[in-house]
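Coordinates from start-v4.cif are shown below (mmCIF, C-alpha atoms and all ligand atoms).
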```
data_final
#
loop_
_atom_site.label_atom_id
_atom_site.label_comp_id
_atom_site.auth_asym_id
_atom_site.auth_seq_id
_atom_site.Cartn_x
_atom_site.Cartn_y
_atom_site.Cartn_z
CA MET A 11 101.39 107.75 25.31
CA LYS A 12 98.39 105.58 24.70
CA GLU A 13 95.20 107.52 23.99
CA ARG A 14 92.61 106.98 26.71
CA PRO A 15 89.23 105.76 25.56
CA SER A 16 86.51 108.39 25.78
CA PHE A 17 83.82 107.74 28.32
CA PRO A 18 81.15 106.60 27.82
CA ALA A 19 82.73 104.42 25.16
CA ARG A 20 81.02 104.86 21.82
CA MET A 21 80.15 102.06 19.45
CA PRO A 22 81.00 102.62 15.80
CA ALA A 23 77.86 103.94 14.08
CA SER A 24 77.64 100.91 11.82
CA MET A 25 77.48 98.59 14.83
CA SER A 26 74.87 100.56 16.76
CA ALA A 27 72.73 100.73 13.65
CA LYS A 28 72.70 96.92 13.50
CA ILE A 29 71.77 96.64 17.15
CA ALA A 30 69.01 99.25 17.03
CA LYS A 31 65.53 97.81 17.12
CA PRO A 32 63.44 98.11 13.98
CA SER A 33 61.04 101.04 13.99
CA THR A 34 57.87 100.25 15.88
CA ALA A 35 56.12 103.54 15.33
CA LEU A 36 52.70 102.23 16.28
CA ASN A 37 53.85 100.78 19.58
CA LEU A 38 54.38 104.06 21.38
CA PRO A 39 55.11 104.70 24.17
CA GLN A 40 57.23 101.53 24.50
CA GLY A 41 59.03 102.52 21.33
CA LEU A 42 60.63 105.61 22.81
CA GLY A 43 63.95 107.03 21.71
CA MET A 44 64.78 106.22 18.11
CA ASP A 45 61.27 105.15 17.25
CA SER A 46 59.51 108.28 18.45
CA SER A 47 62.08 110.52 16.79
CA ALA A 48 61.26 108.92 13.44
CA VAL A 49 57.55 109.54 13.98
CA ARG A 50 58.27 113.13 14.99
CA LEU A 51 60.35 113.64 11.89
CA ARG A 52 57.36 112.56 9.80
CA MET A 53 55.18 115.00 11.76
CA VAL A 54 57.64 117.82 11.01
CA GLU A 55 57.73 116.84 7.33
CA LYS A 56 53.95 117.21 7.24
CA LEU A 57 54.17 120.61 8.97
CA ILE A 58 56.71 121.71 6.35
CA ALA A 59 54.38 120.50 3.58
CA GLN A 60 51.65 122.65 5.17
CA GLY A 61 53.91 125.71 5.01
CA LEU A 62 56.08 125.73 8.18
CA SER A 63 59.29 127.30 6.90
CA ASP A 64 61.05 128.54 10.08
CA LEU A 65 64.00 126.21 10.60
CA LEU A 66 64.25 126.80 14.35
CA VAL A 67 60.56 126.03 14.83
CA GLN A 68 60.98 122.87 12.74
CA GLN A 69 63.84 121.81 15.02
CA ALA A 70 61.91 122.57 18.19
CA MET A 71 58.86 120.63 16.98
CA GLY A 72 61.17 117.74 16.12
CA ALA A 73 62.85 117.84 19.50
CA VAL A 74 59.93 117.86 21.96
CA GLU A 75 58.38 114.46 22.60
CA ARG A 76 54.67 115.22 22.41
CA HIS A 77 53.70 111.69 23.48
CA ARG A 78 55.07 112.45 26.96
CA PHE A 79 52.40 115.11 27.44
CA VAL A 80 49.30 112.99 26.85
CA ASP A 81 47.87 109.99 28.68
CA SER A 82 49.54 106.74 27.68
CA GLY A 83 46.29 105.56 26.09
CA LEU A 84 46.52 108.43 23.61
CA ALA A 85 50.27 108.24 23.00
CA ASN A 86 49.81 106.48 19.66
CA GLN A 87 47.91 109.56 18.42
CA ALA A 88 50.44 112.05 19.78
CA TYR A 89 52.08 112.77 16.42
CA GLU A 90 48.85 113.17 14.48
CA ASP A 91 47.80 116.71 13.74
CA THR A 92 44.99 116.73 16.23
CA SER A 93 44.15 118.24 19.58
CA LEU A 94 43.72 115.64 22.35
CA PRO A 95 42.06 115.71 25.78
CA ILE A 96 44.41 116.41 28.71
CA GLY A 97 41.82 116.30 31.51
CA LEU A 98 39.55 118.85 33.22
CA GLY A 99 37.83 119.52 29.89
CA GLN A 100 40.96 121.00 28.31
CA THR A 101 42.98 119.96 25.26
CA ILE A 102 46.57 119.97 24.03
CA SER A 103 46.75 122.18 20.93
CA LYS A 104 47.27 120.69 17.46
CA PRO A 105 50.95 120.55 16.45
CA SER A 106 50.20 122.63 13.33
CA VAL A 107 48.63 125.37 15.47
CA VAL A 108 51.52 125.38 17.95
CA ALA A 109 54.00 125.60 15.08
CA ARG A 110 52.02 128.28 13.26
CA MET A 111 51.67 130.51 16.33
CA ILE A 112 55.31 130.24 17.31
CA GLU A 113 56.41 130.86 13.72
CA LEU A 114 54.28 134.02 13.71
CA LEU A 115 55.84 135.12 17.02
CA ARG A 116 59.31 134.65 15.59
CA LYS A 117 58.69 136.52 12.31
CA GLY A 118 61.48 139.02 11.89
CA VAL A 119 63.42 137.80 14.93
CA ASP A 120 66.95 136.53 14.40
CA GLY A 121 67.97 133.81 16.81
CA ARG A 122 66.20 133.25 20.10
CA LEU A 123 63.15 135.08 21.31
CA GLY A 124 63.66 136.99 24.55
CA ARG A 125 61.36 136.52 27.54
CA VAL A 126 58.04 134.91 26.60
CA LEU A 127 54.74 134.73 28.53
CA GLU A 128 52.37 131.85 27.79
CA ILE A 129 48.80 131.90 29.04
CA GLY A 130 47.35 128.40 29.43
CA THR A 131 50.10 125.91 30.30
CA GLY A 132 47.72 122.95 29.98
CA CYS A 133 49.88 119.83 29.85
CA GLY A 134 53.03 121.88 29.25
CA TYR A 135 53.72 120.81 25.67
CA GLN A 136 53.76 124.23 24.03
CA ALA A 137 55.77 125.61 26.96
CA ALA A 138 58.43 122.97 26.24
CA VAL A 139 58.50 123.91 22.55
CA LEU A 140 58.74 127.60 23.45
CA SER A 141 61.59 127.00 25.82
CA GLN A 142 63.64 125.61 22.91
CA LEU A 143 63.27 129.00 21.21
CA ALA A 144 63.25 131.63 23.94
CA THR A 145 65.74 132.80 26.55
CA GLU A 146 63.08 132.49 29.25
CA VAL A 147 59.47 131.29 29.40
CA TYR A 148 56.82 132.12 31.99
CA SER A 149 53.72 129.96 31.62
CA ILE A 150 50.52 130.46 33.64
CA GLU A 151 47.71 127.97 34.24
CA ARG A 152 44.48 128.65 36.16
CA LEU A 153 43.59 124.99 36.89
CA ARG A 154 45.63 123.54 39.75
CA GLY A 155 45.25 119.98 38.41
CA LEU A 156 46.79 120.89 35.07
CA HIS A 157 49.48 123.09 36.58
CA ASP A 158 50.56 120.07 38.66
CA LYS A 159 50.33 117.76 35.66
CA ALA A 160 52.49 120.07 33.56
CA ARG A 161 55.05 120.22 36.35
CA GLU A 162 55.20 116.43 36.38
CA ASN A 163 55.39 116.16 32.57
CA LEU A 164 58.15 118.73 32.36
CA ARG A 165 60.27 117.64 35.34
CA PRO A 166 62.34 115.06 33.40
CA LEU A 167 63.17 117.67 30.74
CA ARG A 168 64.92 119.89 33.32
CA LEU A 169 64.20 123.11 31.47
CA ALA A 170 65.86 125.63 33.77
CA THR A 171 64.56 128.67 31.87
CA LEU A 172 60.90 127.58 32.00
CA HIS A 173 58.87 128.94 34.95
CA LEU A 174 55.44 127.46 35.65
CA LEU A 175 52.99 129.69 37.46
CA PHE A 176 49.60 128.94 38.98
CA GLY A 177 47.20 131.85 38.64
CA ASP A 178 44.77 133.79 36.49
CA GLY A 179 46.55 134.49 33.23
CA THR A 180 44.14 137.27 32.23
CA LEU A 181 46.22 139.41 34.63
CA GLY A 182 49.45 138.40 32.91
CA PHE A 183 52.52 138.17 35.14
CA ALA A 184 53.80 141.67 35.83
CA ALA A 185 56.92 140.51 37.70
CA GLY A 186 58.35 139.02 34.48
CA ALA A 187 57.45 141.98 32.23
CA PRO A 188 58.26 143.34 29.73
CA TYR A 189 57.92 140.35 27.40
CA ALA A 190 59.33 140.05 23.92
CA ALA A 191 56.37 137.82 23.11
CA ILE A 192 53.06 136.75 24.63
CA ILE A 193 51.13 133.71 23.44
CA ALA A 194 47.68 132.62 24.62
CA ALA A 195 46.35 129.09 24.31
CA ALA A 196 42.81 130.08 25.34
CA GLY A 197 40.52 132.61 23.71
CA GLY A 198 38.44 135.40 25.26
CA GLU A 199 36.21 138.19 23.94
CA ALA A 200 39.13 140.61 23.75
CA ILE A 201 42.84 140.79 24.47
CA PRO A 202 43.26 141.71 28.16
CA GLN A 203 44.85 145.14 28.67
CA ALA A 204 47.35 143.63 31.15
CA TRP A 205 48.92 141.62 28.32
CA ILE A 206 49.34 144.69 26.14
CA ASP A 207 50.80 146.62 29.09
CA GLN A 208 53.28 143.81 29.83
CA LEU A 209 54.40 143.46 26.20
CA ALA A 210 57.70 145.17 25.37
CA VAL A 211 57.75 147.90 22.74
CA GLY A 212 58.77 145.99 19.61
CA GLY A 213 57.15 142.86 21.03
CA ARG A 214 54.45 140.69 19.53
CA LEU A 215 51.41 139.02 21.06
CA ILE A 216 49.35 136.23 19.52
CA ALA A 217 46.00 135.06 20.84
CA PRO A 218 42.72 133.54 19.75
CA VAL A 219 39.94 136.12 20.11
CA ALA A 220 36.19 135.58 19.75
CA GLY A 221 34.78 137.36 16.72
CA ARG A 222 31.42 139.03 16.23
CA ALA A 223 30.04 135.77 14.84
CA ASN A 224 30.42 132.55 16.82
CA GLY A 225 33.97 131.57 15.99
CA GLN A 226 37.40 132.64 17.15
CA SER A 227 40.18 134.10 15.03
CA LEU A 228 43.88 134.24 15.58
CA VAL A 229 44.94 137.82 16.29
CA VAL A 230 48.49 139.15 16.07
CA LEU A 231 49.20 142.34 17.99
CA ASP A 232 52.40 144.32 17.46
CA LYS A 233 53.39 146.95 20.00
CA THR A 234 55.40 149.80 18.56
CA ALA A 235 56.49 153.19 19.84
CA GLN A 236 53.55 154.59 17.82
CA GLY A 237 50.97 152.29 19.42
CA VAL A 238 49.50 148.85 18.82
CA ARG A 239 48.61 147.30 15.48
CA GLN A 240 46.29 144.30 15.30
CA THR A 241 46.02 141.82 12.45
CA VAL A 242 43.19 139.30 12.34
CA LEU A 243 44.19 135.98 10.77
CA GLU A 244 42.49 132.63 10.22
CA ALA A 245 39.66 131.01 12.20
CA VAL A 246 40.78 128.79 15.09
CA HIS A 247 39.20 126.66 17.85
CA PHE A 248 40.65 127.14 21.31
CA VAL A 249 39.19 126.47 24.75
CA PRO A 250 37.74 129.58 26.42
CA LEU A 251 39.89 132.00 28.40
CA LYS A 252 38.36 132.08 31.89
CA SER A 253 38.93 134.33 34.86
CA GLY A 254 40.00 133.27 38.34
CA VAL A 255 41.57 129.99 39.39
CA ALA A 256 40.10 126.58 40.15
N1 LIG B 1 49.45 125.17 25.64
C1 LIG B 1 48.66 124.09 26.17
C2 LIG B 1 47.24 124.20 25.73
C3 LIG B 1 46.28 123.95 26.83
S1 LIG B 1 44.62 124.40 26.52
C4 LIG B 1 49.28 122.75 25.84
O1 LIG B 1 50.30 122.70 25.13
O2 LIG B 1 48.77 121.75 26.33
C5 LIG B 1 44.53 126.00 27.25
C6 LIG B 1 44.71 126.10 28.71
O3 LIG B 1 44.41 127.45 29.07
C7 LIG B 1 43.79 125.25 29.57
O4 LIG B 1 44.56 124.39 30.36
C8 LIG B 1 43.01 126.25 30.42
O5 LIG B 1 42.77 125.82 31.76
C9 LIG B 1 43.94 127.44 30.41
N2 LIG B 1 43.34 128.73 30.72
C10 LIG B 1 42.12 129.25 30.38
N3 LIG B 1 41.95 130.47 30.92
C11 LIG B 1 43.08 130.76 31.61
C12 LIG B 1 43.53 131.86 32.40
N4 LIG B 1 42.77 132.94 32.61
N5 LIG B 1 44.75 131.79 32.97
C13 LIG B 1 45.55 130.72 32.80
N6 LIG B 1 45.19 129.64 32.07
C14 LIG B 1 43.98 129.65 31.50
#
```
Can you turn what I pasted into structure tokens?
Amino acid sequence: MKERPSFPARMPASMSAKIAKPSTALNLPQGLGMDSSAVRLRMVEKLIAQGLSDLLVQQAMGAVERHRFVDSGLANQAYEDTSLPIGLGQTISKPSVVARMIELLRKGVDGRLGRVLEIGTGCGYQAAVLSQLATEVYSIERLRGLHDKARENLRPLRLATLHLLFGDGTLGFAAGAPYAAIIAAAGGEAIPQAWIDQLAVGGRLIAPVAGRANGQSLVVLDKTAQGVRQTVLEAVHFVPLKSGVA
């Protein structure tokens, strides 16, 4: 019996390579697909050079198209290691900070993270990266305009395990608790008690927290059966954690 062709028919790799357009890295966002994946690969190579060693985080950073989360006028800067404005005075976090925080969350975890809570959805970029690495992600945003924007940015990705919530993230989201991990993209004076309460025993929380001096530091909090242990890491610059919604 004659073998049926597979559908959709595939071109031999050699042929498709000839047809593929040359890389036009600087012409984003027109140069989607192959072109943006090459630029992302370079971004991941730089993250590795800066010390990102977690293979799954490398893959997730390589998979999520950051240029889809910023205004088209900024798309050509999307793979630079810089924060960018996303409207309403807020910013998308630097790729190196997103990678660093998620790598810290995953330390000592084999395979996927369990349920994760993110405070500060913003444009939805970090939520998309997280959802590559966790069984379920709940992400809260207090600004309606950004919550809607994130929903729009994320719709084409059809991430069934990512839940976007509109509300005040300082209260956490008790209905999804306990969380294997909690990650905040905005920094307050202290870590809200609700987050600690909603963290599973054995879970880890990472958040920027304002120090005694002016700046913020990254704080890792581990919840164990014996209590919580906090570790203060490097200085960071996040937008402020605010209460209420707007
Ligand atoms: N992870 C985001 C970063 C956005 S910046 C991204 O990838 O784009 C941080 C976000 O935290 C801002 O959108 C800000 O509105 C939000 N935020 C600040 N305080 C908050 C709170 N109490 N609850 C929920 N979101 C908050």
#### Entry: Residues within 8 Å of ligand LIG 1 (chain B), counting only C-alpha atoms and all ligand atoms, as a ChimeraX atom specification
/A:79,96,98,100-103,108,128-137,150-153,156,176-181,194-197,248-255
Could the residues in this selection be written to a file with C-alpha atoms, as a PDB file, in the frame of the given file?
```pdb
ATOM      1  CA  PHE A  79      52.400 115.110  27.440  1.00  0.00           C
ATOM      2  CA  ILE A  96      44.410 116.410  28.710  1.00  0.00           C
ATOM      3  CA  LEU A  98      39.550 118.850  33.220  1.00  0.00           C
ATOM      4  CA  GLN A 100      40.960 121.000  28.310  1.00  0.00           C
ATOM      5  CA  THR A 101      42.980 119.960  25.260  1.00  0.00           C
ATOM      6  CA  ILE A 102      46.570 119.970  24.030  1.00  0.00           C
ATOM      7  CA  SER A 103      46.750 122.180  20.930  1.00  0.00           C
ATOM      8  CA  VAL A 108      51.520 125.380  17.950  1.00  0.00           C
ATOM      9  CA  GLU A 128      52.370 131.850  27.790  1.00  0.00           C
ATOM     10  CA  ILE A 129      48.800 131.900  29.040  1.00  0.00           C
ATOM     11  CA  GLY A 130      47.350 128.400  29.430  1.00  0.00           C
ATOM     12  CA  THR A 131      50.100 125.910  30.300  1.00  0.00           C
ATOM     13  CA  GLY A 132      47.720 122.950  29.980  1.00  0.00           C
ATOM     14  CA  CYS A 133      49.880 119.830  29.850  1.00  0.00           C
ATOM     15  CA  GLY A 134      53.030 121.880  29.250  1.00  0.00           C
ATOM     16  CA  TYR A 135      53.720 120.810  25.670  1.00  0.00           C
ATOM     17  CA  GLN A 136      53.760 124.230  24.030  1.00  0.00           C
ATOM     18  CA  ALA A 137      55.770 125.610  26.960  1.00  0.00           C
ATOM     19  CA  ILE A 150      50.520 130.460  33.640  1.00  0.00           C
ATOM     20  CA  GLU A 151      47.710 127.970  34.240  1.00  0.00           C
ATOM     21  CA  ARG A 152      44.480 128.650  36.160  1.00  0.00           C
ATOM     22  CA  LEU A 153      43.590 124.990  36.890  1.00  0.00           C
ATOM     23  CA  LEU A 156      46.790 120.890  35.070  1.00  0.00           C
ATOM     24  CA  PHE A 176      49.600 128.940  38.980  1.00  0.00           C
ATOM     25  CA  GLY A 177      47.200 131.850  38.640  1.00  0.00           C
ATOM     26  CA  ASP A 178      44.770 133.790  36.490  1.00  0.00           C
ATOM     27  CA  GLY A 179      46.550 134.490  33.230  1.00  0.00           C
ATOM     28  CA  THR A 180      44.140 137.270  32.230  1.00  0.00           C
ATOM     29  CA  LEU A 181      46.220 139.410  34.630  1.00  0.00           C
ATOM     30  CA  ALA A 194      47.680 132.620  24.620  1.00  0.00           C
ATOM     31  CA  ALA A 195      46.350 129.090  24.310  1.00  0.00           C
ATOM     32  CA  ALA A 196      42.810 130.080  25.340  1.00  0.00           C
ATOM     33  CA  GLY A 197      40.520 132.610  23.710  1.00  0.00           C
ATOM     34  CA  PHE A 248      40.650 127.140  21.310  1.00  0.00           C
ATOM     35  CA  VAL A 249      39.190 126.470  24.750  1.00  0.00           C
ATOM     36  CA  PRO A 250      37.740 129.580  26.420  1.00  0.00           C
ATOM     37  CA  LEU A 251      39.890 132.000  28.400  1.00  0.00           C
ATOM     38  CA  LYS A 252      38.360 132.080  31.890  1.00  0.00           C
ATOM     39  CA  SER A 253      38.930 134.330  34.860  1.00  0.00           C
ATOM     40  CA  GLY A 254      40.000 133.270  38.340  1.00  0.00           C
ATOM     41  CA  VAL A 255      41.570 129.990  39.390  1.00  0.00           C
TER      42      VAL A 255
END
```
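Taking atom CA of Val211 of chain A and atom CA of Gly198 of chain A as the two end points, the separation is 23.1 Å.
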Can you build me a table of segment 36-150 of chain A residues sitting at most 12 Å from segment 222-237 of chain A, with the closest atom pair per residue and its distance in Å to one decimal, using all atoms listed in the file, sorted by chain and residue number, as a Markdown table?
```
| residue | atom | partner | partner_atom | distance |
| --- | --- | --- | --- | --- |
| A:Val107 | CA | A:Leu228 | CA | 10.1 |
| A:Val108 | CA | A:Leu228 | CA | 11.9 |
| A:Arg110 | CA | A:Leu228 | CA | 10.4 |
| A:Met111 | CA | A:Leu228 | CA | 8.7 |
| A:Ile112 | CA | A:Val230 | CA | 11.3 |
| A:Glu113 | CA | A:Val230 | CA | 11.7 |
| A:Leu114 | CA | A:Val230 | CA | 8.1 |
| A:Leu115 | CA | A:Val230 | CA | 8.4 |
| A:Arg116 | CA | A:Val230 | CA | 11.7 |
| A:Lys117 | CA | A:Val230 | CA | 11.2 |
| A:Gly118 | CA | A:Asp232 | CA | 11.9 |
```
Mind dumping the selected residues with C-alpha atoms as an mmCIF file, in the frame of the given file?
```cif
data_model
loop_
_atom_site.group_PDB
_atom_site.id
_atom_site.type_symbol
_atom_site.label_atom_id
_atom_site.label_comp_id
_atom_site.auth_asym_id
_atom_site.auth_seq_id
_atom_site.Cartn_x
_atom_site.Cartn_y
_atom_site.Cartn_z
ATOM 1 C CA VAL A 107 48.630 125.370 15.470
ATOM 2 C CA VAL A 108 51.520 125.380 17.950
ATOM 3 C CA ARG A 110 52.020 128.280 13.260
ATOM 4 C CA MET A 111 51.670 130.510 16.330
ATOM 5 C CA ILE A 112 55.310 130.240 17.310
ATOM 6 C CA GLU A 113 56.410 130.860 13.720
ATOM 7 C CA LEU A 114 54.280 134.020 13.710
ATOM 8 C CA LEU A 115 55.840 135.120 17.020
ATOM 9 C CA ARG A 116 59.310 134.650 15.590
ATOM 10 C CA LYS A 117 58.690 136.520 12.310
ATOM 11 C CA GLY A 118 61.480 139.020 11.890
#
```
### Residues near Leu57 of chain A, cut-off 10 Å, only C-alpha atoms, skip fewer than 3 positions along chain, as a ChimeraX atom specification
/A:51-54,60-63,68,71,91,105-107,109-110
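In terms of minimum interatomic distance to Val246 of chain A, A:Lys104 ranks closest within A:Gln142, A:Lys104, A:Asp81, A:Val119, counting all atoms listed in the file.
Between atom CA of Thr92 of chain A and atom CA of Glu244 of chain A there is a distance of 17.2 Å.
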### Message
Residues within 6 Å of Ala210 of chain A, please, as a PyMOL selection string. Count only C-alpha atoms; anything in the same chain fewer than 2 positions from it doesn't count.
### Response
chain A and resi 188-190+212-213
### Task
May I have the residues within 12 Å of Arg168 of chain A as a ChimeraX atom specification, using all atoms listed in the file and disregarding those fewer than 6 positions away in the same chain?
/A:138,141-142,161-162
## Note on the structure
Min atom-atom distance to Arg125 of chain A from the set A:Asn163, A:Gln208, A:Ser82, A:Ser46, counting all atoms listed in the file, belongs to A:Gln208
Please, could N, CA, C and O atoms be added to segment 197-220 of chain A and the result written as a PDB file, in the frame of the given file?
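Contents of the output file selection_22.pdb:
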```
ATOM      1  N   GLY A 197      41.038 131.406  24.366  1.00  0.00           N
ATOM      2  CA  GLY A 197      40.520 132.610  23.710  1.00  0.00           C
ATOM      3  C   GLY A 197      39.395 133.288  24.457  1.00  0.00           C
ATOM      4  O   GLY A 197      38.442 132.642  24.903  1.00  0.00           O
ATOM      5  N   GLY A 198      39.495 134.612  24.618  1.00  0.00           N
ATOM      6  CA  GLY A 198      38.440 135.400  25.260  1.00  0.00           C
ATOM      7  C   GLY A 198      37.756 136.319  24.256  1.00  0.00           C
ATOM      8  O   GLY A 198      37.954 136.198  23.044  1.00  0.00           O
ATOM      9  N   GLU A 199      36.959 137.250  24.776  1.00  0.00           N
ATOM     10  CA  GLU A 199      36.210 138.190  23.940  1.00  0.00           C
ATOM     11  C   GLU A 199      37.141 139.280  23.390  1.00  0.00           C
ATOM     12  O   GLU A 199      36.863 139.877  22.359  1.00  0.00           O
ATOM     13  N   ALA A 200      38.187 139.562  24.151  1.00  0.00           N
ATOM     14  CA  ALA A 200      39.130 140.610  23.750  1.00  0.00           C
ATOM     15  C   ALA A 200      40.482 140.300  24.363  1.00  0.00           C
ATOM     16  O   ALA A 200      40.582 139.441  25.255  1.00  0.00           O
ATOM     17  N   ILE A 201      41.504 140.980  23.896  1.00  0.00           N
ATOM     18  CA  ILE A 201      42.840 140.790  24.470  1.00  0.00           C
ATOM     19  C   ILE A 201      42.923 141.616  25.759  1.00  0.00           C
ATOM     20  O   ILE A 201      42.713 142.832  25.733  1.00  0.00           O
ATOM     21  N   PRO A 202      43.191 140.967  26.896  1.00  0.00           N
ATOM     22  CA  PRO A 202      43.260 141.710  28.160  1.00  0.00           C
ATOM     23  C   PRO A 202      44.305 142.832  28.114  1.00  0.00           C
ATOM     24  O   PRO A 202      45.408 142.631  27.594  1.00  0.00           O
ATOM     25  N   GLN A 203      43.954 143.978  28.678  1.00  0.00           N
ATOM     26  CA  GLN A 203      44.850 145.140  28.670  1.00  0.00           C
ATOM     27  C   GLN A 203      46.180 144.817  29.366  1.00  0.00           C
ATOM     28  O   GLN A 203      47.235 145.304  28.957  1.00  0.00           O
ATOM     29  N   ALA A 204      46.110 143.965  30.413  1.00  0.00           N
ATOM     30  CA  ALA A 204      47.350 143.630  31.150  1.00  0.00           C
ATOM     31  C   ALA A 204      48.399 143.031  30.214  1.00  0.00           C
ATOM     32  O   ALA A 204      49.594 143.288  30.366  1.00  0.00           O
ATOM     33  N   TRP A 205      47.952 142.243  29.236  1.00  0.00           N
ATOM     34  CA  TRP A 205      48.920 141.620  28.320  1.00  0.00           C
ATOM     35  C   TRP A 205      49.597 142.688  27.476  1.00  0.00           C
ATOM     36  O   TRP A 205      50.798 142.651  27.260  1.00  0.00           O
ATOM     37  N   ILE A 206      48.790 143.618  26.992  1.00  0.00           N
ATOM     38  CA  ILE A 206      49.340 144.690  26.140  1.00  0.00           C
ATOM     39  C   ILE A 206      50.317 145.533  26.964  1.00  0.00           C
ATOM     40  O   ILE A 206      51.407 145.869  26.505  1.00  0.00           O
ATOM     41  N   ASP A 207      49.929 145.833  28.213  1.00  0.00           N
ATOM     42  CA  ASP A 207      50.800 146.620  29.090  1.00  0.00           C
ATOM     43  C   ASP A 207      52.130 145.913  29.339  1.00  0.00           C
ATOM     44  O   ASP A 207      53.166 146.557  29.453  1.00  0.00           O
ATOM     45  N   GLN A 208      52.078 144.578  29.469  1.00  0.00           N
ATOM     46  CA  GLN A 208      53.280 143.810  29.830  1.00  0.00           C
ATOM     47  C   GLN A 208      54.131 143.424  28.619  1.00  0.00           C
ATOM     48  O   GLN A 208      55.211 142.854  28.768  1.00  0.00           O
ATOM     49  N   LEU A 209      53.638 143.741  27.420  1.00  0.00           N
ATOM     50  CA  LEU A 209      54.400 143.460  26.200  1.00  0.00           C
ATOM     51  C   LEU A 209      55.429 144.565  25.984  1.00  0.00           C
ATOM     52  O   LEU A 209      55.120 145.750  26.148  1.00  0.00           O
ATOM     53  N   ALA A 210      56.651 144.173  25.617  1.00  0.00           N
ATOM     54  CA  ALA A 210      57.700 145.170  25.370  1.00  0.00           C
ATOM     55  C   ALA A 210      57.369 145.939  24.086  1.00  0.00           C
ATOM     56  O   ALA A 210      56.698 145.403  23.191  1.00  0.00           O
ATOM     57  N   VAL A 211      57.843 147.167  24.002  1.00  0.00           N
ATOM     58  CA  VAL A 211      57.750 147.900  22.740  1.00  0.00           C
ATOM     59  C   VAL A 211      58.630 147.135  21.739  1.00  0.00           C
ATOM     60  O   VAL A 211      59.760 146.758  22.055  1.00  0.00           O
ATOM     61  N   GLY A 212      58.057 146.831  20.579  1.00  0.00           N
ATOM     62  CA  GLY A 212      58.770 145.990  19.610  1.00  0.00           C
ATOM     63  C   GLY A 212      58.391 144.529  19.766  1.00  0.00           C
ATOM     64  O   GLY A 212      58.838 143.681  18.996  1.00  0.00           O
ATOM     65  N   GLY A 213      57.561 144.237  20.772  1.00  0.00           N
ATOM     66  CA  GLY A 213      57.150 142.860  21.030  1.00  0.00           C
ATOM     67  C   GLY A 213      55.901 142.476  20.261  1.00  0.00           C
ATOM     68  O   GLY A 213      55.207 143.326  19.704  1.00  0.00           O
ATOM     69  N   ARG A 214      55.610 141.205  20.260  1.00  0.00           N
ATOM     70  CA  ARG A 214      54.450 140.690  19.530  1.00  0.00           C
ATOM     71  C   ARG A 214      53.648 139.754  20.406  1.00  0.00           C
ATOM     72  O   ARG A 214      54.210 138.968  21.170  1.00  0.00           O
ATOM     73  N   LEU A 215      52.330 139.847  20.277  1.00  0.00           N
ATOM     74  CA  LEU A 215      51.410 139.020  21.060  1.00  0.00           C
ATOM     75  C   LEU A 215      50.539 138.250  20.072  1.00  0.00           C
ATOM     76  O   LEU A 215      50.141 138.801  19.041  1.00  0.00           O
ATOM     77  N   ILE A 216      50.247 136.996  20.389  1.00  0.00           N
ATOM     78  CA  ILE A 216      49.350 136.230  19.520  1.00  0.00           C
ATOM     79  C   ILE A 216      48.332 135.506  20.388  1.00  0.00           C
ATOM     80  O   ILE A 216      48.684 134.883  21.390  1.00  0.00           O
ATOM     81  N   ALA A 217      47.058 135.632  20.012  1.00  0.00           N
ATOM     82  CA  ALA A 217      46.000 135.060  20.840  1.00  0.00           C
ATOM     83  C   ALA A 217      44.769 134.778  19.997  1.00  0.00           C
ATOM     84  O   ALA A 217      44.480 135.508  19.044  1.00  0.00           O
ATOM     85  N   PRO A 218      44.027 133.724  20.370  1.00  0.00           N
ATOM     86  CA  PRO A 218      42.720 133.540  19.750  1.00  0.00           C
ATOM     87  C   PRO A 218      41.735 134.520  20.398  1.00  0.00           C
ATOM     88  O   PRO A 218      41.774 134.714  21.614  1.00  0.00           O
ATOM     89  N   VAL A 219      40.909 135.159  19.580  1.00  0.00           N
ATOM     90  CA  VAL A 219      39.940 136.120  20.110  1.00  0.00           C
ATOM     91  C   VAL A 219      38.585 135.826  19.466  1.00  0.00           C
ATOM     92  O   VAL A 219      38.515 135.559  18.258  1.00  0.00           O
ATOM     93  N   ALA A 220      37.530 135.850  20.279  1.00  0.00           N
ATOM     94  CA  ALA A 220      36.190 135.580  19.750  1.00  0.00           C
ATOM     95  C   ALA A 220      35.777 136.725  18.828  1.00  0.00           C
ATOM     96  O   ALA A 220      35.955 137.900  19.149  1.00  0.00           O
TER      97      ALA A 220
END
```
